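Novice: Sending over upload_19.cif (mmCIF, C-alpha atoms and all ligand atoms).
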```
data_final
loop_
_atom_site.group_PDB
_atom_site.id
_atom_site.type_symbol
_atom_site.label_atom_id
_atom_site.label_comp_id
_atom_site.auth_asym_id
_atom_site.auth_seq_id
_atom_site.Cartn_x
_atom_site.Cartn_y
_atom_site.Cartn_z
ATOM 1 C CA MET A 20 -57.627 64.023 -37.481
ATOM 2 C CA SER A 21 -60.019 66.987 -37.615
ATOM 3 C CA ILE A 22 -61.720 68.201 -34.467
ATOM 4 C CA ASP A 23 -65.040 66.935 -35.785
ATOM 5 C CA THR A 24 -63.674 63.483 -36.492
ATOM 6 C CA ALA A 25 -62.020 63.345 -33.085
ATOM 7 C CA ALA A 26 -65.238 64.333 -31.340
ATOM 8 C CA GLU A 27 -67.155 61.762 -33.316
ATOM 9 C CA THR A 28 -64.656 59.038 -32.480
ATOM 10 C CA ALA A 29 -64.799 59.946 -28.808
ATOM 11 C CA ALA A 30 -68.575 60.021 -28.650
ATOM 12 C CA GLN A 31 -69.007 57.103 -31.078
ATOM 13 C CA THR A 32 -72.039 57.309 -33.266
ATOM 14 C CA ALA A 33 -74.710 54.632 -33.455
ATOM 15 C CA THR A 34 -73.525 53.309 -36.805
ATOM 16 C CA ALA A 35 -73.657 49.856 -38.276
ATOM 17 C CA ALA A 36 -69.860 49.807 -38.295
ATOM 18 C CA ALA A 37 -69.760 50.631 -34.559
ATOM 19 C CA SER A 38 -72.348 48.031 -33.534
ATOM 20 C CA GLY A 39 -70.936 45.528 -36.028
ATOM 21 C CA ALA A 40 -67.418 45.983 -34.668
ATOM 22 C CA SER A 41 -68.762 45.472 -31.129
ATOM 23 C CA ALA A 42 -70.644 42.315 -32.135
ATOM 24 C CA THR A 43 -67.606 40.884 -33.911
ATOM 25 C CA GLU A 44 -65.360 41.684 -30.947
ATOM 26 C CA ARG A 45 -67.865 40.150 -28.519
ATOM 27 C CA PHE A 46 -68.062 36.946 -30.565
ATOM 28 C CA GLN A 47 -64.295 36.687 -30.685
ATOM 29 C CA THR A 48 -63.854 37.075 -26.915
ATOM 30 C CA ASP A 49 -65.699 33.789 -26.340
ATOM 31 C CA LYS A 50 -63.576 30.663 -26.261
ATOM 32 C CA SER A 51 -62.501 29.689 -29.741
ATOM 33 C CA PRO A 52 -65.482 28.368 -31.744
ATOM 34 C CA PHE A 53 -63.003 26.061 -33.504
ATOM 35 C CA ASP A 54 -62.318 24.098 -30.290
ATOM 36 C CA ALA A 55 -65.823 22.619 -30.338
ATOM 37 C CA VAL A 56 -65.301 21.124 -33.826
ATOM 38 C CA ARG A 57 -61.708 19.974 -33.335
ATOM 39 C CA ASP A 58 -62.725 16.322 -33.833
ATOM 40 C CA THR A 59 -64.909 16.874 -36.900
ATOM 41 C CA PRO A 60 -63.746 14.394 -39.553
ATOM 42 C CA ALA A 61 -62.607 15.621 -42.950
ATOM 43 C CA GLU A 62 -65.499 13.688 -44.534
ATOM 44 C CA ARG A 63 -68.050 15.951 -42.864
ATOM 45 C CA VAL A 64 -66.205 19.172 -43.741
ATOM 46 C CA ASP A 65 -65.933 17.890 -47.325
ATOM 47 C CA LEU A 66 -69.644 17.043 -47.466
ATOM 48 C CA LEU A 67 -70.882 20.357 -46.048
ATOM 49 C CA ALA A 68 -68.480 22.549 -48.040
ATOM 50 C CA ARG A 69 -69.231 20.673 -51.263
ATOM 51 C CA GLU A 70 -73.017 20.903 -50.836
ATOM 52 C CA VAL A 71 -72.978 24.617 -50.002
ATOM 53 C CA LEU A 72 -70.796 25.293 -53.041
ATOM 54 C CA ALA A 73 -73.008 23.091 -55.235
ATOM 55 C CA ALA A 74 -76.043 25.167 -54.169
ATOM 56 C CA VAL A 75 -74.176 28.334 -55.166
ATOM 57 C CA HIS A 76 -73.172 26.804 -58.523
ATOM 58 C CA ALA A 77 -76.763 25.707 -59.190
ATOM 59 C CA THR A 78 -78.036 29.231 -58.495
ATOM 60 C CA ILE A 79 -75.472 30.742 -60.890
ATOM 61 C CA ARG A 80 -76.480 28.318 -63.664
ATOM 62 C CA ALA A 81 -80.231 28.596 -63.081
ATOM 63 C CA HIS A 82 -80.189 32.403 -63.175
ATOM 64 C CA LYS A 83 -77.213 33.006 -65.505
ATOM 65 C CA VAL A 84 -75.339 35.144 -62.990
ATOM 66 C CA THR A 85 -73.071 37.633 -64.821
ATOM 67 C CA TYR A 86 -69.487 38.738 -64.121
ATOM 68 C CA ALA A 87 -70.865 42.137 -63.032
ATOM 69 C CA GLU A 88 -73.048 40.384 -60.440
ATOM 70 C CA TYR A 89 -70.214 38.082 -59.375
ATOM 71 C CA ASN A 90 -67.937 41.074 -58.816
ATOM 72 C CA ALA A 91 -70.637 42.945 -56.896
ATOM 73 C CA LEU A 92 -71.015 39.883 -54.665
ATOM 74 C CA LYS A 93 -67.250 39.760 -54.105
ATOM 75 C CA ALA A 94 -67.165 43.456 -53.163
ATOM 76 C CA TRP A 95 -70.174 43.053 -50.883
ATOM 77 C CA LEU A 96 -68.706 40.059 -49.039
ATOM 78 C CA ILE A 97 -65.476 41.998 -48.448
ATOM 79 C CA GLN A 98 -67.533 44.907 -47.101
ATOM 80 C CA VAL A 99 -69.535 42.679 -44.703
ATOM 81 C CA GLY A 100 -66.248 41.796 -43.007
ATOM 82 C CA GLU A 101 -64.998 45.376 -42.980
ATOM 83 C CA ASP A 102 -68.270 46.478 -41.347
ATOM 84 C CA GLY A 103 -67.976 43.687 -38.761
ATOM 85 C CA GLU A 104 -71.413 42.502 -39.882
ATOM 86 C CA TRP A 105 -70.792 38.763 -40.192
ATOM 87 C CA PRO A 106 -72.455 38.127 -36.789
ATOM 88 C CA LEU A 107 -75.442 40.231 -37.837
ATOM 89 C CA PHE A 108 -75.731 38.670 -41.295
ATOM 90 C CA LEU A 109 -75.483 35.080 -40.043
ATOM 91 C CA ASP A 110 -77.777 35.541 -37.038
ATOM 92 C CA VAL A 111 -80.449 37.295 -39.118
ATOM 93 C CA TRP A 112 -80.488 34.996 -42.158
ATOM 94 C CA VAL A 113 -79.018 31.648 -41.096
ATOM 95 C CA GLU A 114 -79.249 31.063 -37.332
ATOM 96 C CA HIS A 115 -82.986 30.282 -37.264
ATOM 97 C CA VAL A 116 -82.464 27.041 -39.191
ATOM 98 C CA VAL A 117 -79.524 25.995 -36.998
ATOM 99 C CA GLU A 118 -81.723 26.607 -33.937
ATOM 100 C CA GLU A 119 -84.575 24.593 -35.481
ATOM 101 C CA VAL A 120 -82.315 21.587 -36.090
ATOM 102 C CA ALA A 121 -80.558 21.864 -32.711
ATOM 103 C CA THR A 122 -83.800 21.845 -30.711
ATOM 104 C CA GLU A 123 -86.122 19.576 -32.721
ATOM 105 C CA HIS A 124 -85.856 16.772 -30.114
ATOM 106 C CA ARG A 125 -87.102 18.959 -27.261
ATOM 107 C CA GLU A 126 -90.301 18.355 -25.326
ATOM 108 C CA GLY A 127 -90.076 21.492 -23.185
ATOM 109 C CA SER A 128 -90.450 25.144 -24.135
ATOM 110 C CA LYS A 129 -89.737 26.408 -27.623
ATOM 111 C CA GLY A 130 -86.721 28.614 -28.027
ATOM 112 C CA THR A 131 -85.416 30.731 -30.853
ATOM 113 C CA ILE A 132 -82.221 32.412 -32.025
ATOM 114 C CA GLU A 133 -79.764 34.214 -29.741
ATOM 115 C CA GLY A 134 -78.838 36.977 -32.189
ATOM 116 C CA PRO A 135 -75.668 39.061 -32.033
ATOM 117 C CA TYR A 136 -76.231 41.113 -28.852
ATOM 118 C CA TYR A 137 -76.003 38.709 -25.880
ATOM 119 C CA VAL A 138 -73.314 39.519 -23.309
ATOM 120 C CA PRO A 139 -72.623 37.123 -20.400
ATOM 121 C CA GLY A 140 -72.144 38.436 -16.865
ATOM 122 C CA ALA A 141 -75.104 40.809 -16.417
ATOM 123 C CA PRO A 142 -75.735 41.972 -12.821
ATOM 124 C CA GLU A 143 -77.456 39.511 -10.447
ATOM 125 C CA GLN A 144 -80.913 40.619 -9.297
ATOM 126 C CA GLY A 145 -82.121 37.629 -7.235
ATOM 127 C CA ALA A 146 -85.568 36.057 -7.789
ATOM 128 C CA ARG A 147 -87.463 39.349 -7.797
ATOM 129 C CA GLY A 148 -86.241 42.659 -9.054
ATOM 130 C CA ALA A 149 -85.769 45.158 -11.821
ATOM 131 C CA VAL A 150 -83.233 44.994 -14.623
ATOM 132 C CA PRO A 151 -80.674 47.806 -14.447
ATOM 133 C CA MET A 152 -82.121 50.872 -16.161
ATOM 134 C CA ARG A 153 -81.669 54.617 -16.275
ATOM 135 C CA ASP A 154 -83.710 57.050 -14.188
ATOM 136 C CA GLY A 155 -86.750 57.780 -16.318
ATOM 137 C CA GLU A 156 -86.036 54.906 -18.740
ATOM 138 C CA GLN A 157 -88.498 55.346 -21.604
ATOM 139 C CA GLY A 158 -91.119 52.680 -22.305
ATOM 140 C CA THR A 159 -94.184 51.145 -20.671
ATOM 141 C CA PRO A 160 -93.309 49.493 -17.328
ATOM 142 C CA LEU A 161 -93.546 45.713 -17.654
ATOM 143 C CA THR A 162 -93.749 43.157 -14.844
ATOM 144 C CA TRP A 163 -93.059 39.587 -15.865
ATOM 145 C CA THR A 164 -93.783 36.667 -13.552
ATOM 146 C CA GLY A 165 -93.288 32.979 -14.219
ATOM 147 C CA THR A 166 -91.876 29.672 -13.095
ATOM 148 C CA VAL A 167 -89.191 27.377 -14.443
ATOM 149 C CA THR A 168 -89.932 23.659 -14.326
ATOM 150 C CA SER A 169 -88.545 20.439 -15.732
ATOM 151 C CA VAL A 170 -90.613 18.513 -18.318
ATOM 152 C CA ASP A 171 -92.020 16.324 -15.495
ATOM 153 C CA GLY A 172 -93.332 19.452 -13.715
ATOM 154 C CA THR A 173 -90.670 19.651 -10.994
ATOM 155 C CA PRO A 174 -89.971 23.318 -10.134
ATOM 156 C CA LEU A 175 -86.348 24.160 -10.904
ATOM 157 C CA ARG A 176 -85.168 26.043 -7.844
ATOM 158 C CA GLY A 177 -82.100 28.118 -8.634
ATOM 159 C CA ALA A 178 -82.731 28.169 -12.399
ATOM 160 C CA ARG A 179 -80.981 31.173 -13.907
ATOM 161 C CA MET A 180 -82.608 33.574 -16.321
ATOM 162 C CA GLU A 181 -80.574 36.094 -18.232
ATOM 163 C CA LEU A 182 -82.632 38.845 -19.799
ATOM 164 C CA TRP A 183 -81.481 41.407 -22.359
ATOM 165 C CA HIS A 184 -83.352 43.710 -24.683
ATOM 166 C CA ALA A 185 -83.251 46.962 -26.622
ATOM 167 C CA ASP A 186 -84.416 50.266 -25.178
ATOM 168 C CA ALA A 187 -87.337 52.352 -26.472
ATOM 169 C CA ASP A 188 -85.111 53.679 -29.276
ATOM 170 C CA GLY A 189 -84.079 50.167 -30.349
ATOM 171 C CA TYR A 190 -80.544 50.300 -28.926
ATOM 172 C CA TYR A 191 -78.740 47.543 -27.013
ATOM 173 C CA SER A 192 -76.278 48.502 -24.292
ATOM 174 C CA GLN A 193 -72.640 47.722 -25.246
ATOM 175 C CA PHE A 194 -73.595 47.880 -28.960
ATOM 176 C CA ALA A 195 -74.626 51.523 -29.140
ATOM 177 C CA PRO A 196 -72.876 54.538 -27.591
ATOM 178 C CA GLY A 197 -73.948 56.445 -24.519
ATOM 179 C CA LEU A 198 -75.792 53.704 -22.642
ATOM 180 C CA PRO A 199 -74.815 52.462 -19.168
ATOM 181 C CA LYS A 200 -72.872 49.209 -19.558
ATOM 182 C CA TRP A 201 -75.592 46.851 -18.297
ATOM 183 C CA ASN A 202 -78.651 48.885 -19.261
ATOM 184 C CA LEU A 203 -81.637 46.521 -19.713
ATOM 185 C CA ARG A 204 -79.516 43.446 -18.996
ATOM 186 C CA GLY A 205 -79.957 41.386 -15.829
ATOM 187 C CA CYS A 206 -79.646 37.884 -14.319
ATOM 188 C CA PHE A 207 -82.387 36.385 -12.152
ATOM 189 C CA THR A 208 -82.419 33.204 -10.055
ATOM 190 C CA ALA A 209 -85.669 31.292 -9.513
ATOM 191 C CA ASP A 210 -86.745 30.815 -5.871
ATOM 192 C CA THR A 211 -87.501 27.499 -4.122
ATOM 193 C CA ALA A 212 -90.776 27.220 -6.084
ATOM 194 C CA GLY A 213 -88.963 27.895 -9.367
ATOM 195 C CA ALA A 214 -90.644 31.316 -9.493
ATOM 196 C CA PHE A 215 -89.315 34.701 -10.555
ATOM 197 C CA GLU A 216 -90.589 38.250 -11.015
ATOM 198 C CA ILE A 217 -88.815 40.648 -13.347
ATOM 199 C CA ARG A 218 -89.510 44.340 -13.773
ATOM 200 C CA THR A 219 -88.400 46.102 -16.948
ATOM 201 C CA VAL A 220 -89.857 48.269 -19.709
ATOM 202 C CA ARG A 221 -91.596 47.089 -22.849
ATOM 203 C CA PRO A 222 -89.086 47.160 -25.731
ATOM 204 C CA ALA A 223 -89.883 48.858 -29.049
ATOM 205 C CA PRO A 224 -89.897 47.289 -32.520
ATOM 206 C CA TYR A 225 -86.351 47.107 -33.733
ATOM 207 C CA GLN A 226 -84.694 47.847 -37.046
ATOM 208 C CA ILE A 227 -81.393 46.133 -37.754
ATOM 209 C CA PRO A 228 -78.679 48.665 -38.715
ATOM 210 C CA THR A 229 -79.451 49.970 -42.211
ATOM 211 C CA ASP A 230 -76.262 51.908 -42.916
ATOM 212 C CA GLY A 231 -73.932 48.900 -43.312
ATOM 213 C CA SER A 232 -73.651 45.949 -45.688
ATOM 214 C CA CYS A 233 -76.725 44.133 -44.357
ATOM 215 C CA GLY A 234 -78.716 47.328 -44.884
ATOM 216 C CA ARG A 235 -77.317 47.602 -48.383
ATOM 217 C CA LEU A 236 -78.523 44.075 -49.215
ATOM 218 C CA ILE A 237 -81.942 44.847 -47.701
ATOM 219 C CA ALA A 238 -82.278 48.020 -49.791
ATOM 220 C CA ALA A 239 -81.011 46.378 -52.998
ATOM 221 C CA ALA A 240 -83.450 43.471 -52.590
ATOM 222 C CA GLY A 241 -86.414 45.659 -51.610
ATOM 223 C CA TRP A 242 -86.758 44.007 -48.206
ATOM 224 C CA HIS A 243 -87.423 45.706 -44.866
ATOM 225 C CA ALA A 244 -85.103 45.766 -41.835
ATOM 226 C CA TRP A 245 -87.623 45.240 -39.024
ATOM 227 C CA ARG A 246 -87.825 42.786 -36.197
ATOM 228 C CA PRO A 247 -90.879 42.825 -33.904
ATOM 229 C CA ALA A 248 -90.352 44.127 -30.360
ATOM 230 C CA HIS A 249 -88.747 41.338 -28.356
ATOM 231 C CA LEU A 250 -87.271 40.334 -25.012
ATOM 232 C CA HIS A 251 -84.253 38.011 -25.171
ATOM 233 C CA VAL A 252 -83.783 35.389 -22.482
ATOM 234 C CA LYS A 253 -81.432 32.507 -21.680
ATOM 235 C CA VAL A 254 -82.642 30.015 -19.088
ATOM 236 C CA SER A 255 -80.388 27.412 -17.502
ATOM 237 C CA ALA A 256 -80.566 24.873 -14.680
ATOM 238 C CA PRO A 257 -78.256 22.035 -13.585
ATOM 239 C CA GLY A 258 -78.933 18.780 -15.462
ATOM 240 C CA HIS A 259 -81.008 20.568 -18.116
ATOM 241 C CA GLU A 260 -80.415 21.866 -21.603
ATOM 242 C CA ASP A 261 -79.959 25.632 -21.844
ATOM 243 C CA LEU A 262 -82.902 27.377 -23.436
ATOM 244 C CA THR A 263 -82.402 30.517 -25.519
ATOM 245 C CA ALA A 264 -85.642 32.282 -26.404
ATOM 246 C CA GLN A 265 -87.216 35.575 -27.375
ATOM 247 C CA LEU A 266 -90.670 36.733 -26.329
ATOM 248 C CA TYR A 267 -92.901 38.850 -28.518
ATOM 249 C CA PHE A 268 -96.020 41.001 -28.095
ATOM 250 C CA PRO A 269 -99.352 40.239 -29.760
ATOM 251 C CA GLY A 270 -100.379 42.574 -32.573
ATOM 252 C CA ASP A 271 -96.861 43.659 -33.521
ATOM 253 C CA ALA A 272 -96.820 44.431 -37.251
ATOM 254 C CA HIS A 273 -93.645 42.401 -37.713
ATOM 255 C CA ASN A 274 -94.578 39.191 -35.896
ATOM 256 C CA ASP A 275 -95.493 37.761 -39.301
ATOM 257 C CA ASP A 276 -92.547 39.071 -41.307
ATOM 258 C CA ASP A 277 -89.587 39.232 -38.926
ATOM 259 C CA ILE A 278 -86.415 39.861 -40.955
ATOM 260 C CA ALA A 279 -84.696 37.256 -38.729
ATOM 261 C CA SER A 280 -87.494 34.609 -39.077
ATOM 262 C CA ALA A 281 -87.344 34.056 -35.300
ATOM 263 C CA VAL A 282 -90.998 34.373 -34.235
ATOM 264 C CA LYS A 283 -92.952 31.252 -33.207
ATOM 265 C CA PRO A 284 -96.555 31.303 -31.962
ATOM 266 C CA GLU A 285 -95.485 29.751 -28.631
ATOM 267 C CA LEU A 286 -93.262 32.759 -27.982
ATOM 268 C CA VAL A 287 -95.975 35.427 -28.172
ATOM 269 C CA LEU A 288 -96.931 36.817 -24.747
ATOM 270 C CA ASP A 289 -100.422 37.485 -23.447
ATOM 271 C CA PRO A 290 -99.943 40.804 -21.623
ATOM 272 C CA ARG A 291 -102.539 42.343 -19.331
ATOM 273 C CA GLN A 292 -102.929 46.111 -19.304
ATOM 274 C CA ASN A 293 -103.115 47.589 -15.771
ATOM 275 C CA ALA A 294 -105.122 50.690 -14.755
ATOM 276 C CA ASP A 295 -101.914 52.742 -14.324
ATOM 277 C CA GLY A 296 -100.799 51.995 -17.908
ATOM 278 C CA SER A 297 -98.239 49.374 -16.929
ATOM 279 C CA VAL A 298 -98.333 45.852 -18.333
ATOM 280 C CA THR A 299 -98.146 42.463 -16.581
ATOM 281 C CA VAL A 300 -97.227 39.182 -18.261
ATOM 282 C CA ASP A 301 -97.059 35.645 -16.947
ATOM 283 C CA TYR A 302 -94.763 33.359 -18.919
ATOM 284 C CA GLY A 303 -92.742 30.414 -17.677
ATOM 285 C CA PHE A 304 -90.307 27.881 -19.081
ATOM 286 C CA VAL A 305 -90.110 24.104 -19.213
ATOM 287 C CA LEU A 306 -86.577 22.781 -19.583
ATOM 288 C CA ASP A 307 -85.569 19.436 -21.071
ATOM 289 C CA PRO A 308 -83.332 17.241 -18.902
ATOM 290 C CA VAL A 309 -79.982 16.461 -20.494
ATOM 291 C CA ARG A 310 -80.435 13.032 -22.051
ATOM 292 C CA GLY A 311 -78.266 9.973 -21.531
HETATM 293 C C1 LIG B 401 -81.422 41.761 -32.938
HETATM 294 O O1 LIG B 401 -81.809 42.489 -31.866
HETATM 295 C C2 LIG B 401 -81.699 40.467 -32.933
HETATM 296 O O2 LIG B 401 -82.379 39.985 -31.890
HETATM 297 C C3 LIG B 401 -81.330 39.664 -34.001
HETATM 298 C C4 LIG B 401 -81.685 38.234 -34.025
HETATM 299 C C5 LIG B 401 -80.632 40.203 -35.061
HETATM 300 C C6 LIG B 401 -80.325 41.522 -35.051
HETATM 301 C C7 LIG B 401 -80.703 42.296 -33.989
HETATM 302 FE FE FE B 402 -82.624 41.448 -30.389
#
```
Can I see the file as structure tokens?
Ligand code: MBD
Ligand code: FE
Specialist:
Amino acid sequence: MSIDTAAETAAQTATAAASGASATERFQTDKSPFDAVRDTPAERVDLLAREVLAAVHATIRAHKVTYAEYNALKAWLIQVGEDGEWPLFLDVWVEHVVEEVATEHREGSKGTIEGPYYVPGAPEQGARGAVPMRDGEQGTPLTWTGTVTSVDGTPLRGARMELWHADADGYYSQFAPGLPKWNLRGCFTADTAGAFEIRTVRPAPYQIPTDGSCGRLIAAAGWHAWRPAHLHVKVSAPGHEDLTAQLYFPGDAHNDDDIASAVKPELVLDPRQNADGSVTVDYGFVLDPVRG
């Protein structure tokens, strides 16, 4: 290994392969996703696999897909795995429909996709506090207040809120090099009134990695790689369904054409600009009780 290569390996560069490998590793450290479908009958696997394949076959026939295109697809699919970009690909282009179907019965707050960069176990900050951040963390200071209630209006004391978001350069801690482990990731616990107050910085618009297979598809198709600036949150309380959401800022150029199709009007904040340049937002959550 050359000195340059060694230095690069040690420092790790912010490449698609590096963040993809981290996202794949993170996904695989959770308990086996196969456990949750252990009892799925063969009839359902047969139905779903057959219908997905039939949709592929129909596309090939309708558009007379060539051997050259088939082979390019094969090479690209192999490369997605080598780049570790299956979590990114699926969460950007498929998860939003799974989330829609999974939450269509809900009466409480809207949620949206989790995406590939959630990590459980962020530091506990109580009901009021700042997310862990570096001295001089770039970005407009943001104070977010709100309450968590049940659909009948009962405040959910002790509700937990996990917040994570990218920094002003669009990087997530643990998926890009050089950031403190829990940078811009924190857990908050609502007080007796179900209230919380979180201090952080306003995240920047975010471009999914462009130098890997997902970027190659985006370039080949003439798409763009942008997501609007967003805060990720998971909210949970005993006896209630977990809510996974993202919050967006009004006027962001990509609220209407998010590459991940994850924006909903209910998730756009209404921030107030303060005299000192900081921003305050009030946004709370209504959780659905677990049914039956
Ligand atoms: C993100 O930050 C994200 O939220 C999603 C859904 C996909 C890629 C990167
Ligand atoms: Fe994100």
Novice: Please list as a ChimeraX atom specification every residue within 6 Å of Ala178 in chain A, counting all atoms listed in the file and excluding residues in the same chain fewer than 3 positions away.
Specialist: /A:175,208-209,255-256
Novice: Could you write out that same residue set with C-alpha atoms as a short mmCIF file (atom, residue, chain, number, x, y, z; two decimals), in the frame of the given file?
Specialist:
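As a result, again_24.cif now contains:
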```cif
data_model
loop_
_atom_site.label_atom_id
_atom_site.label_comp_id
_atom_site.auth_asym_id
_atom_site.auth_seq_id
_atom_site.Cartn_x
_atom_site.Cartn_y
_atom_site.Cartn_z
CA LEU A 175 -86.35 24.16 -10.90
CA THR A 208 -82.42 33.20 -10.06
CA ALA A 209 -85.67 31.29 -9.51
CA SER A 255 -80.39 27.41 -17.50
CA ALA A 256 -80.57 24.87 -14.68
#
```
Novice: Report the distance between CA of Pro151 in chain A and CA of Tyr137 in chain A in Å, rounded to one decimal place.
Specialist: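 Pair CA of Pro151 in chain A / CA of Tyr137 in chain A returns 15.3 Å.
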Novice: Once you count only C-alpha atoms and all ligand atoms, what closest atom pair and distance in Å to one decimal does each residue of chain A within 6 Å of ligand LIG 401 (chain B) have, with rows by chain and rising residue number, as a tab-separated table?
Specialist:
```
residue	atom	partner	partner_atom	distance
A:Leu107	CA	B:LIG401	C6	5.8
A:Asp110	CA	B:LIG401	C4	5.6
A:Val111	CA	B:LIG401	C5	5.0
A:Gly134	CA	B:LIG401	C4	3.6
A:Pro135	CA	B:LIG401	C5	5.9
A:Ile227	CA	B:LIG401	C7	5.4
A:Ala279	CA	B:LIG401	C4	5.7
```
Novice: Using all atoms listed in the file, which residue out of A:Arg125, A:Asp276, A:Thr48, A:Trp95 lies closest to Arg310 in chain A?
Specialist: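 With all atoms listed in the file as the atom set, the closest residue is A:Arg125.
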Novice: List as a ChimeraX atom specification the protein and nucleic acid residues near Val300 in chain A, meaning an atom at most 12 Å away when all atoms listed in the file are counted, but skip any in the same chain fewer than 2 places from it.
Specialist: /A:160-165,215-221,266-269,287-293,297-298,302-303
Novice: Give the answer as one residue: which of A:Leu109, A:Leu250, A:Gly231, A:Pro257 has the shortest atom-to-atom distance to Arg176 in chain A, using all atoms listed in the file?
Specialist: A:Pro257
Novice: Mind running chain A against ligand FE 402 (chain B) at 7 Å and telling me each contacting residue's nearest atom pair with the distance in Å (one decimal), counting all atoms listed in the file, chain and number ascending, as a tab-separated table?
Specialist:
```
residue	atom	partner	partner_atom	distance
A:Gly134	CA	B:FE402	FE	6.1
A:Tyr136	CA	B:FE402	FE	6.6
A:His184	CA	B:FE402	FE	6.2
A:Ala185	CA	B:FE402	FE	6.7
A:His249	CA	B:FE402	FE	6.5
A:His251	CA	B:FE402	FE	6.5
```
Novice: So that I can check the surroundings of Ile278 in chain A, please list as a compact mmCIF listing (two decimals) with C-alpha atoms, in the coordinates of the input every protein, DNA and RNA residue that reaches within 7 Å of it, counting only C-alpha atoms and ignoring chain neighbours fewer than 6 positions away.
Specialist:
```txt
# COMPACT_ATOMS: atom_id res chain seq x y z
CA VAL A 111 -80.45 37.30 -39.12
CA ALA A 244 -85.10 45.77 -41.84
CA TRP A 245 -87.62 45.24 -39.02
CA ARG A 246 -87.82 42.79 -36.20
```
Novice: How far is it from CA of Pro196 in chain A to CA of Asp271 in chain A, in Å with one decimal?
Specialist: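 Calculated distance between CA of Pro196 in chain A and CA of Asp271 in chain A is 27.0 Å.
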Novice: Can you tell me how far CA of Arg204 in chain A sits from CA of Gly172 in chain A, in Å to one decimal?
Specialist: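 Rounded to one decimal, the two atoms are 28.2 Å apart.
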